[in-house]
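So the structure is just underneath, and the comments pick up after that.
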Number of protein chains: 2
Amino acid sequence: MAGKPSRLRGDRVTLAHGGGGRAMRDLIEEVFTDVFQPPGTEDQARLTHAALAEPGARLAFTTDSFVVTPVEFPGGDIGKIAVCGTVNDLAVGGARPLWLSASFIIEEGCEIALLRRVVRSMSREAEAAGVRIVTGDTKVVEKGSCDTLFVTTSGVGVIPPGRELGAAQIRPGDVALVNGVLGDHGATILAARGDLALSTPIRSDCRSLGHLVEAVLAAAPDMRAARDATRGGLASALNEMAEEAGVTVMLSDEKLPIRDEVRGMCEILGLDPLYLANEGTLVLFVPEAQAVAALQAMRAHPDGEGAAIVGRVTERGSVPVVTRTAFGATRIVDMLVGEQLPRIC
Amino acid sequence: MAGKPSRLRGDRVTLAHGGGGRAMRDLIEEVFTDVFQPPGTEDQARLTHAALAEPGARLAFTTDSFVVTPVEFPGGDIGKIAVCGTVNDLAVGGARPLWLSASFIIEEGCEIALLRRVVRSMSREAEAAGVRIVTGDTKVVEKGSCDTLFVTTSGVGVIPPGRELGAAQIRPGDVALVNGVLGDHGATILAARGDLALSTPIRSDCRSLGHLVEAVLAAAPDMRAARDATRGGLASALNEMAEEAGVTVMLSDEKLPIRDEVRGMCEILGLDPLYLANEGTLVLFVPEAQAVAALQAMRAHPDGEGAAIVGRVTERGSVPVVTRTAFGATRIVDMLVGEQLPRIC
């Protein structure tokens with residue numbers, strides 16, 4: 001881009017930018033492909049990677065749409081979250097993330113400067129996560145037909161031979177760990193919407209977890225399963241995993257790492273931090289004998305400094321997830337029934 | 001589903017269906033995964049295919065978002081188009097399509113019956129195209145924050161060793177063919193919007209072209225390049241290809257297969273059918289010596305019955321694409337500057 005005059009007229013996206021003609025080509029070249037630098041010029045990426053051809057390796061494939069509002073928030077934006085979310089879906093399944101696609105649905109009138117910021121943010125996060133954004137698409141819809149900007153990413157990675165992470169592997173005696181504090185993303189979005197007149201220093205935990213998962217696997221090679229605790233929070237992730245494994249997860253309230261600010265906000269609003277969304281916090285299960293090694297590996301990693309052992313797996317009791325309160329009682333941690341906060345990611 | 005009572009309450013999607021809890025799980029299981037039957041229960045598909053491990057094979061990866069309005073139209077719906085569009089992006093690049101992801105952004109209030117129809121339509125089209133929908137996502141946004149339903153598909157395929165289709169391969173002397181009539185999709189959407197009080201029997205050409213491309217490649221193995229003439233129509237596809245190859249494409253007006261109804265509609269509305277979108281019509285280039293074989297292969301295939309030779313490639317003249325009119329004059333076929341019809345796909 002340096003030195004090249006922009007061919008884009010005006011500072012907002014118009015319907016012409018979605019029409020398939022010259023205006024669209026200019027928008028895509030200047031705002032998207034100049035930054036992402038996808039390989040080739042055809043409407044498909046053509047890719048090779050030695051790890052894919054290894055006998056026993058499997059390809060992992062995942063997708064997520066992102067509709068978070070506001071589009072930019074403390075600690076991230078819709079682009080960063082779109083990269084992290086898809087990288088994390090690959091990583092928690094044991095795949096090494098390789099390539100992403102990115103598809104944009106843009107509202108007529110969207111500021112081009114906003115698009116540029118989102119695209120740069122995606123490019124930065126992709127580099128940090130060690131993935132490449134190799135293909136994409138843009139659509140423009142009339143004002144009022146979408147809310148500013150939606151981003152859909154898909155990801156392709158490779159699962160090394162012999163690696164088999166999955167909730168079905170979890171068994172009684174296993175230990176549950178998280179890599180950091182819970183609920184920061186949900187609390188950040190809630191505060192950023194502004195209609196609660198809350199002012200807080202909390203930032204989204206939005207980050208890519210591929211490197212962290214590899215570090216834990218090196219230290220605790222029999223890791224059973226991991227899941228990023230996004231929509232529905234830790235409670236929903238644990239309920240799904242415990243259901244699938246046919247076990248009960250016993251948490252301990254006092255071991256759950258939650259910031260005082262998040263706890264305070266939840267008390268004021270009547271929310272449970274266990275259901276608040278995270279975008280860079282995962283829960284993982286390891287055999288008891290590898291729990292300390294896993295904890296140390298996480299704490300030694302920049303994305304796991306706040307790691308903690310939060311619970312243990314028992315034979316299946318009456319419900320999938322319970323937590324022991326500070327007073328020694330136990331409380332059922334149910335699956336979220338309704339919605340806690342729309343458009344959190 | 002047969003016999004199982006539905007756990008979905010009401011007949012419309014609510015915000016709770018996007019919240020990460022039980023309502024979301026019920027919607028996803030009953031409406032999506034029961035039909036698509038993705039492998040496994042983790043949030044990533046884990047896939048193997050012998051063709052991927054073949055020495056010299058490459059992985060092809062592509063994505064598109066679909067925002068077409070209306071969501072259902074004669075000859076297709078947003079789900080069918082989302083499968084065909086991504087299958088076709090893979091196929092025209094020479095890849096054999098294998099797997100798709102599907103991500104849905106749903107407006108609060110969307111009818112669940114509509115979702116079910118769209119999902120069934122995707123499932124049918126995927127089966128016809130020989131691909132599997134292996135992973136997906138759903139998001140729900142508040143009423144007014146998107147228009148009914150947007151679908152984003154990504155596709156993974158494999159390019160066999162030695163196959164290298166691309167516009168850069170096109171050279172002077174080559175012949176351009178299309179597989180059928182032009183503009184049916186654009187004309188159908190235009191009529192379906194209803195605000196023109198046009199009544200027409202035209203249906204969208206929406207179809208998957210993977211099998212057709214393989215049939216042409218068998219008959220004309222030196223095929224240079226292909227592209228599906230979607231947004232921006234044949235004119236935009238040819239302009240892009242000719243620019244990239246550094247050649248001029250010389251069309252012949254009278255050889256362009258266009259239905260009388262489409263021609264008539266364009267005359268009334270002042271549109272040029274060369275810019276109308278197609279969703280199952282491609283243009284491809286072959287060496288002159290293989291042009292007849294390619295034409296015969298297309299005509300012998302159910303998706304190519306209306307195939308025709310439409311132009312020839314010359315050394316680069318003053319513009320990338322020209323057409324010879326019925327009166328013997330030539331006319332520049334420029335790249336579309338603005339937009340012809342928003343939300344055509």
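Residues in the structure tokens are named by chain (A, B, ... in the order shown) and by number from 1 within that chain; ligands are numbered from 1 in the order shown.
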task = Can you pull out every residue within 7 Å of stretch 26-39 of chain A, counting only C-alpha atoms, but drop anything in the same chain fewer than 6 positions away, and send it as a ChimeraX atom specification?
result = /A:7-8,17,45,116,119-120,123,133-135
inquiry  = I'd like the neighbourhood of stretch 232-248 of chain B as a PyMOL selection string, where a residue qualifies if any of its atoms comes within 7 Å (using only C-alpha atoms), though same-chain residues fewer than 2 positions away should be ignored.
reply    = (chain A and resi 19-21) or (chain B and resi 167-172+227+229-230+250+274-278+313-317+319-321+333+335-336)
Using N, CA and C atoms, can you export the residues from the last selection as a PDB file, in the first residue's frame?
ATOM      1  N   GLY A  19     -20.898  -5.469  -5.396  1.00  0.00           N
ATOM      2  CA  GLY A  19     -21.608  -5.802  -6.634  1.00  0.00           C
ATOM      3  C   GLY A  19     -20.876  -6.715  -7.586  1.00  0.00           C
ATOM      4  N   GLY A  20     -19.650  -7.069  -7.295  1.00  0.00           N
ATOM      5  CA  GLY A  20     -18.933  -7.960  -8.196  1.00  0.00           C
ATOM      6  C   GLY A  20     -18.116  -7.222  -9.244  1.00  0.00           C
ATOM      7  N   GLY A  21     -18.145  -5.909  -9.217  1.00  0.00           N
ATOM      8  CA  GLY A  21     -17.439  -5.146 -10.249  1.00  0.00           C
ATOM      9  C   GLY A  21     -16.172  -4.514  -9.736  1.00  0.00           C
TER      10      GLY A  21
ATOM     11  N   ALA B 167      -6.268 -18.816 -14.466  1.00  0.00           N
ATOM     12  CA  ALA B 167      -6.408 -17.860 -15.564  1.00  0.00           C
ATOM     13  C   ALA B 167      -5.068 -17.574 -16.225  1.00  0.00           C
ATOM     14  N   ALA B 168      -3.987 -17.639 -15.442  1.00  0.00           N
ATOM     15  CA  ALA B 168      -2.676 -17.332 -16.014  1.00  0.00           C
ATOM     16  C   ALA B 168      -2.267 -18.311 -17.121  1.00  0.00           C
ATOM     17  N   GLN B 169      -2.946 -19.475 -17.198  1.00  0.00           N
ATOM     18  CA  GLN B 169      -2.623 -20.479 -18.236  1.00  0.00           C
ATOM     19  C   GLN B 169      -3.253 -20.170 -19.601  1.00  0.00           C
ATOM     20  N   ILE B 170      -4.212 -19.245 -19.621  1.00  0.00           N
ATOM     21  CA  ILE B 170      -4.928 -18.951 -20.876  1.00  0.00           C
ATOM     22  C   ILE B 170      -3.979 -18.263 -21.864  1.00  0.00           C
ATOM     23  N   ARG B 171      -4.054 -18.711 -23.156  1.00  0.00           N
ATOM     24  CA  ARG B 171      -3.192 -18.055 -24.137  1.00  0.00           C
ATOM     25  C   ARG B 171      -3.919 -17.832 -25.461  1.00  0.00           C
ATOM     26  N   PRO B 172      -3.378 -16.956 -26.295  1.00  0.00           N
ATOM     27  CA  PRO B 172      -4.022 -16.670 -27.577  1.00  0.00           C
ATOM     28  C   PRO B 172      -4.285 -17.956 -28.362  1.00  0.00           C
ATOM     29  N   ARG B 227     -14.159 -20.604 -14.509  1.00  0.00           N
ATOM     30  CA  ARG B 227     -14.647 -19.756 -13.429  1.00  0.00           C
ATOM     31  C   ARG B 227     -16.168 -19.736 -13.480  1.00  0.00           C
ATOM     32  N   ALA B 229     -19.558 -17.873 -13.234  1.00  0.00           N
ATOM     33  CA  ALA B 229     -19.862 -16.474 -13.537  1.00  0.00           C
ATOM     34  C   ALA B 229     -20.953 -15.974 -12.594  1.00  0.00           C
ATOM     35  N   THR B 230     -20.590 -15.778 -11.314  1.00  0.00           N
ATOM     36  CA  THR B 230     -21.579 -15.397 -10.293  1.00  0.00           C
ATOM     37  C   THR B 230     -21.781 -13.873 -10.285  1.00  0.00           C
ATOM     38  N   MET B 250     -12.457 -12.346 -27.216  1.00  0.00           N
ATOM     39  CA  MET B 250     -13.364 -11.817 -28.235  1.00  0.00           C
ATOM     40  C   MET B 250     -14.627 -12.678 -28.240  1.00  0.00           C
ATOM     41  N   LEU B 274     -25.066  -9.853 -19.773  1.00  0.00           N
ATOM     42  CA  LEU B 274     -23.692 -10.277 -19.529  1.00  0.00           C
ATOM     43  C   LEU B 274     -23.251  -9.981 -18.107  1.00  0.00           C
ATOM     44  N   TYR B 275     -23.995  -9.089 -17.418  1.00  0.00           N
ATOM     45  CA  TYR B 275     -23.626  -8.745 -16.036  1.00  0.00           C
ATOM     46  C   TYR B 275     -24.548  -9.411 -15.020  1.00  0.00           C
ATOM     47  N   LEU B 276     -25.565 -10.133 -15.499  1.00  0.00           N
ATOM     48  CA  LEU B 276     -26.480 -10.814 -14.574  1.00  0.00           C
ATOM     49  C   LEU B 276     -25.764 -12.009 -13.936  1.00  0.00           C
ATOM     50  N   ALA B 277     -26.060 -12.231 -12.661  1.00  0.00           N
ATOM     51  CA  ALA B 277     -25.394 -13.311 -11.922  1.00  0.00           C
ATOM     52  C   ALA B 277     -25.898 -14.683 -12.364  1.00  0.00           C
ATOM     53  N   ASN B 278     -24.999 -15.656 -12.294  1.00  0.00           N
ATOM     54  CA  ASN B 278     -25.319 -17.064 -12.512  1.00  0.00           C
ATOM     55  C   ASN B 278     -24.878 -17.837 -11.278  1.00  0.00           C
ATOM     56  N   VAL B 313      -9.676 -16.402 -27.762  1.00  0.00           N
ATOM     57  CA  VAL B 313      -8.660 -15.571 -27.126  1.00  0.00           C
ATOM     58  C   VAL B 313      -7.702 -15.054 -28.187  1.00  0.00           C
ATOM     59  N   THR B 314      -7.386 -13.753 -28.113  1.00  0.00           N
ATOM     60  CA  THR B 314      -6.392 -13.166 -29.019  1.00  0.00           C
ATOM     61  C   THR B 314      -5.283 -12.531 -28.181  1.00  0.00           C
ATOM     62  N   GLU B 315      -4.223 -12.122 -28.857  1.00  0.00           N
ATOM     63  CA  GLU B 315      -3.210 -11.311 -28.174  1.00  0.00           C
ATOM     64  C   GLU B 315      -3.921 -10.121 -27.551  1.00  0.00           C
ATOM     65  N   ARG B 316      -3.323  -9.579 -26.499  1.00  0.00           N
ATOM     66  CA  ARG B 316      -3.965  -8.482 -25.811  1.00  0.00           C
ATOM     67  C   ARG B 316      -4.128  -7.262 -26.724  1.00  0.00           C
ATOM     68  N   GLY B 317      -5.391  -6.828 -26.929  1.00  0.00           N
ATOM     69  CA  GLY B 317      -5.670  -5.600 -27.665  1.00  0.00           C
ATOM     70  C   GLY B 317      -5.777  -4.444 -26.696  1.00  0.00           C
ATOM     71  N   VAL B 319      -8.398  -3.530 -24.887  1.00  0.00           N
ATOM     72  CA  VAL B 319      -9.196  -3.838 -23.683  1.00  0.00           C
ATOM     73  C   VAL B 319      -9.250  -5.355 -23.492  1.00  0.00           C
ATOM     74  N   PRO B 320      -9.597  -5.814 -22.282  1.00  0.00           N
ATOM     75  CA  PRO B 320      -9.579  -7.269 -22.027  1.00  0.00           C
ATOM     76  C   PRO B 320     -10.700  -8.044 -22.718  1.00  0.00           C
ATOM     77  N   VAL B 321     -11.886  -7.454 -22.830  1.00  0.00           N
ATOM     78  CA  VAL B 321     -13.016  -8.219 -23.389  1.00  0.00           C
ATOM     79  C   VAL B 321     -13.808  -7.369 -24.371  1.00  0.00           C
ATOM     80  N   VAL B 333     -16.713  -4.856 -23.572  1.00  0.00           N
ATOM     81  CA  VAL B 333     -17.426  -5.421 -22.418  1.00  0.00           C
ATOM     82  C   VAL B 333     -16.576  -5.107 -21.193  1.00  0.00           C
ATOM     83  N   MET B 335     -15.576  -4.067 -17.184  1.00  0.00           N
ATOM     84  CA  MET B 335     -15.861  -4.525 -15.825  1.00  0.00           C
ATOM     85  C   MET B 335     -17.003  -3.670 -15.297  1.00  0.00           C
ATOM     86  N   LEU B 336     -17.895  -4.282 -14.562  1.00  0.00           N
ATOM     87  CA  LEU B 336     -19.006  -3.558 -13.938  1.00  0.00           C
ATOM     88  C   LEU B 336     -18.428  -2.500 -13.005  1.00  0.00           C
TER      89      LEU B 336
END
Picked from stretch 188-331 of chain B by DSSP as strand (DSSP E or B), as a list in words = Ala225, Ala226, Arg227, Asp228, Val247, Thr248, Val249, Met250, Leu251, Ser252, Leu282, Val283, Leu284, Phe285, Val286, Ala308, Ile309, Val310, Gly311, Arg312, Val313, Thr314, Glu315, Val321, Val322, Thr323, Arg324, Thr330 and Arg331 of chain B
Store the residues picked out above in a file with N, CA and C atoms, as a PDB file, in the first residue's frame.
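What ended up in result.pdb:
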ATOM      1  N   ALA B 225      -8.425 -23.089 -17.653  1.00  0.00           N
ATOM      2  CA  ALA B 225      -9.000 -22.425 -16.485  1.00  0.00           C
ATOM      3  C   ALA B 225     -10.509 -22.450 -16.612  1.00  0.00           C
ATOM      4  N   ALA B 226     -11.181 -22.316 -15.481  1.00  0.00           N
ATOM      5  CA  ALA B 226     -12.638 -22.201 -15.470  1.00  0.00           C
ATOM      6  C   ALA B 226     -13.012 -21.225 -14.368  1.00  0.00           C
ATOM      7  N   ARG B 227     -14.159 -20.604 -14.509  1.00  0.00           N
ATOM      8  CA  ARG B 227     -14.647 -19.756 -13.429  1.00  0.00           C
ATOM      9  C   ARG B 227     -16.168 -19.736 -13.480  1.00  0.00           C
ATOM     10  N   ASP B 228     -16.796 -19.791 -12.310  1.00  0.00           N
ATOM     11  CA  ASP B 228     -18.251 -19.680 -12.311  1.00  0.00           C
ATOM     12  C   ASP B 228     -18.612 -18.204 -12.363  1.00  0.00           C
ATOM     13  N   VAL B 247      -4.444 -11.191 -21.979  1.00  0.00           N
ATOM     14  CA  VAL B 247      -4.959 -11.462 -23.328  1.00  0.00           C
ATOM     15  C   VAL B 247      -6.253 -10.673 -23.543  1.00  0.00           C
ATOM     16  N   THR B 248      -6.808 -10.774 -24.730  1.00  0.00           N
ATOM     17  CA  THR B 248      -8.147 -10.238 -24.977  1.00  0.00           C
ATOM     18  C   THR B 248      -9.072 -11.399 -25.337  1.00  0.00           C
ATOM     19  N   VAL B 249     -10.259 -11.371 -24.779  1.00  0.00           N
ATOM     20  CA  VAL B 249     -11.270 -12.364 -25.132  1.00  0.00           C
ATOM     21  C   VAL B 249     -12.266 -11.704 -26.075  1.00  0.00           C
ATOM     22  N   MET B 250     -12.457 -12.346 -27.216  1.00  0.00           N
ATOM     23  CA  MET B 250     -13.364 -11.817 -28.235  1.00  0.00           C
ATOM     24  C   MET B 250     -14.627 -12.678 -28.240  1.00  0.00           C
ATOM     25  N   LEU B 251     -15.729 -12.111 -27.751  1.00  0.00           N
ATOM     26  CA  LEU B 251     -16.998 -12.842 -27.729  1.00  0.00           C
ATOM     27  C   LEU B 251     -17.753 -12.599 -29.022  1.00  0.00           C
ATOM     28  N   SER B 252     -18.812 -13.350 -29.178  1.00  0.00           N
ATOM     29  CA  SER B 252     -19.673 -13.131 -30.328  1.00  0.00           C
ATOM     30  C   SER B 252     -21.100 -13.078 -29.809  1.00  0.00           C
ATOM     31  N   LEU B 282     -20.687 -21.694 -15.769  1.00  0.00           N
ATOM     32  CA  LEU B 282     -19.269 -21.365 -15.733  1.00  0.00           C
ATOM     33  C   LEU B 282     -18.776 -21.072 -17.136  1.00  0.00           C
ATOM     34  N   VAL B 283     -17.641 -20.419 -17.189  1.00  0.00           N
ATOM     35  CA  VAL B 283     -16.948 -20.229 -18.456  1.00  0.00           C
ATOM     36  C   VAL B 283     -15.611 -20.933 -18.310  1.00  0.00           C
ATOM     37  N   LEU B 284     -15.222 -21.622 -19.369  1.00  0.00           N
ATOM     38  CA  LEU B 284     -13.912 -22.284 -19.294  1.00  0.00           C
ATOM     39  C   LEU B 284     -13.169 -22.126 -20.612  1.00  0.00           C
ATOM     40  N   PHE B 285     -11.859 -22.258 -20.513  1.00  0.00           N
ATOM     41  CA  PHE B 285     -10.983 -22.077 -21.665  1.00  0.00           C
ATOM     42  C   PHE B 285     -10.225 -23.361 -21.944  1.00  0.00           C
ATOM     43  N   VAL B 286     -10.192 -23.747 -23.222  1.00  0.00           N
ATOM     44  CA  VAL B 286      -9.428 -24.934 -23.624  1.00  0.00           C
ATOM     45  C   VAL B 286      -8.621 -24.586 -24.871  1.00  0.00           C
ATOM     46  N   ALA B 308     -22.102 -24.000 -25.088  1.00  0.00           N
ATOM     47  CA  ALA B 308     -21.821 -23.322 -26.352  1.00  0.00           C
ATOM     48  C   ALA B 308     -20.412 -22.758 -26.336  1.00  0.00           C
ATOM     49  N   ILE B 309     -19.822 -22.700 -27.544  1.00  0.00           N
ATOM     50  CA  ILE B 309     -18.565 -21.955 -27.710  1.00  0.00           C
ATOM     51  C   ILE B 309     -18.951 -20.493 -27.854  1.00  0.00           C
ATOM     52  N   VAL B 310     -18.394 -19.643 -26.994  1.00  0.00           N
ATOM     53  CA  VAL B 310     -18.845 -18.243 -26.999  1.00  0.00           C
ATOM     54  C   VAL B 310     -17.758 -17.270 -27.423  1.00  0.00           C
ATOM     55  N   GLY B 311     -16.506 -17.700 -27.470  1.00  0.00           N
ATOM     56  CA  GLY B 311     -15.484 -16.715 -27.834  1.00  0.00           C
ATOM     57  C   GLY B 311     -14.124 -17.335 -28.050  1.00  0.00           C
ATOM     58  N   ARG B 312     -13.201 -16.476 -28.399  1.00  0.00           N
ATOM     59  CA  ARG B 312     -11.825 -16.882 -28.672  1.00  0.00           C
ATOM     60  C   ARG B 312     -10.858 -15.905 -28.025  1.00  0.00           C
ATOM     61  N   VAL B 313      -9.676 -16.402 -27.762  1.00  0.00           N
ATOM     62  CA  VAL B 313      -8.660 -15.571 -27.126  1.00  0.00           C
ATOM     63  C   VAL B 313      -7.702 -15.054 -28.187  1.00  0.00           C
ATOM     64  N   THR B 314      -7.386 -13.753 -28.113  1.00  0.00           N
ATOM     65  CA  THR B 314      -6.392 -13.166 -29.019  1.00  0.00           C
ATOM     66  C   THR B 314      -5.283 -12.531 -28.181  1.00  0.00           C
ATOM     67  N   GLU B 315      -4.223 -12.122 -28.857  1.00  0.00           N
ATOM     68  CA  GLU B 315      -3.210 -11.311 -28.174  1.00  0.00           C
ATOM     69  C   GLU B 315      -3.921 -10.121 -27.551  1.00  0.00           C
ATOM     70  N   VAL B 321     -11.886  -7.454 -22.830  1.00  0.00           N
ATOM     71  CA  VAL B 321     -13.016  -8.219 -23.389  1.00  0.00           C
ATOM     72  C   VAL B 321     -13.808  -7.369 -24.371  1.00  0.00           C
ATOM     73  N   VAL B 322     -14.021  -7.900 -25.559  1.00  0.00           N
ATOM     74  CA  VAL B 322     -14.895  -7.229 -26.532  1.00  0.00           C
ATOM     75  C   VAL B 322     -15.881  -8.254 -27.074  1.00  0.00           C
ATOM     76  N   THR B 323     -16.988  -7.759 -27.597  1.00  0.00           N
ATOM     77  CA  THR B 323     -17.949  -8.668 -28.225  1.00  0.00           C
ATOM     78  C   THR B 323     -18.316  -8.118 -29.602  1.00  0.00           C
ATOM     79  N   ARG B 324     -18.538  -9.058 -30.502  1.00  0.00           N
ATOM     80  CA  ARG B 324     -18.912  -8.674 -31.860  1.00  0.00           C
ATOM     81  C   ARG B 324     -20.443  -8.692 -31.920  1.00  0.00           C
ATOM     82  N   THR B 330     -17.895  -4.052 -33.105  1.00  0.00           N
ATOM     83  CA  THR B 330     -17.447  -4.597 -31.829  1.00  0.00           C
ATOM     84  C   THR B 330     -17.767  -3.600 -30.723  1.00  0.00           C
ATOM     85  N   ARG B 331     -17.982  -4.163 -29.515  1.00  0.00           N
ATOM     86  CA  ARG B 331     -18.401  -3.373 -28.369  1.00  0.00           C
ATOM     87  C   ARG B 331     -17.523  -3.802 -27.204  1.00  0.00           C
TER      88      ARG B 331
END
request  = Return the neighbours of chain A among the residues of chain B, cut-off 6 Å, counting only C-alpha atoms, as an MDAnalysis selection string.
outcome  = chainID B and resid 16 19:22 44:48 53 58:64 135:137 145:147 231:232 335:339
key: Residue contacts of A:Val83 (8 Å, only C-alpha atoms) excluding same-chain residues fewer than 4 positions away, as an NGL selection string   = :A and (79 or 87 or 100 or 122 or 125-126 or 153 or 208)
message = Could you pull out the helix (DSSP H, G or I) residues of stretch 17-228 of chain A, going by DSSP on the backbone, and write them as a count of residues only?
response = 76
message = If we count only C-alpha atoms and set the cut-off at 10 Å, which residues sit around B:Glu72, ignoring sequence neighbours fewer than 4 positions away in its own chain? Please answer as a VMD selection string.
response = chain B and resid 68 76 to 80 114 117 to 118 189 192
Write to file, as a CSV table (one decimal), in the first residue's frame, the residues of the selection just made, with C-alpha atoms.
chain,number,residue,atom,x,y,z
B,68,VAL,CA,-29.4,-13.6,-1.0
B,76,GLY,CA,-33.3,-22.8,-5.0
B,77,ASP,CA,-32.8,-21.2,-1.7
B,78,ILE,CA,-30.0,-19.7,0.4
B,79,GLY,CA,-29.0,-23.1,1.6
B,80,LYS,CA,-28.7,-24.7,-1.9
B,114,LEU,CA,-37.8,-22.2,7.2
B,117,ARG,CA,-36.3,-26.4,4.7
B,118,VAL,CA,-33.0,-24.7,4.1
B,189,ILE,CA,-34.0,-13.0,-8.1
B,192,ALA,CA,-38.8,-13.0,-7.1
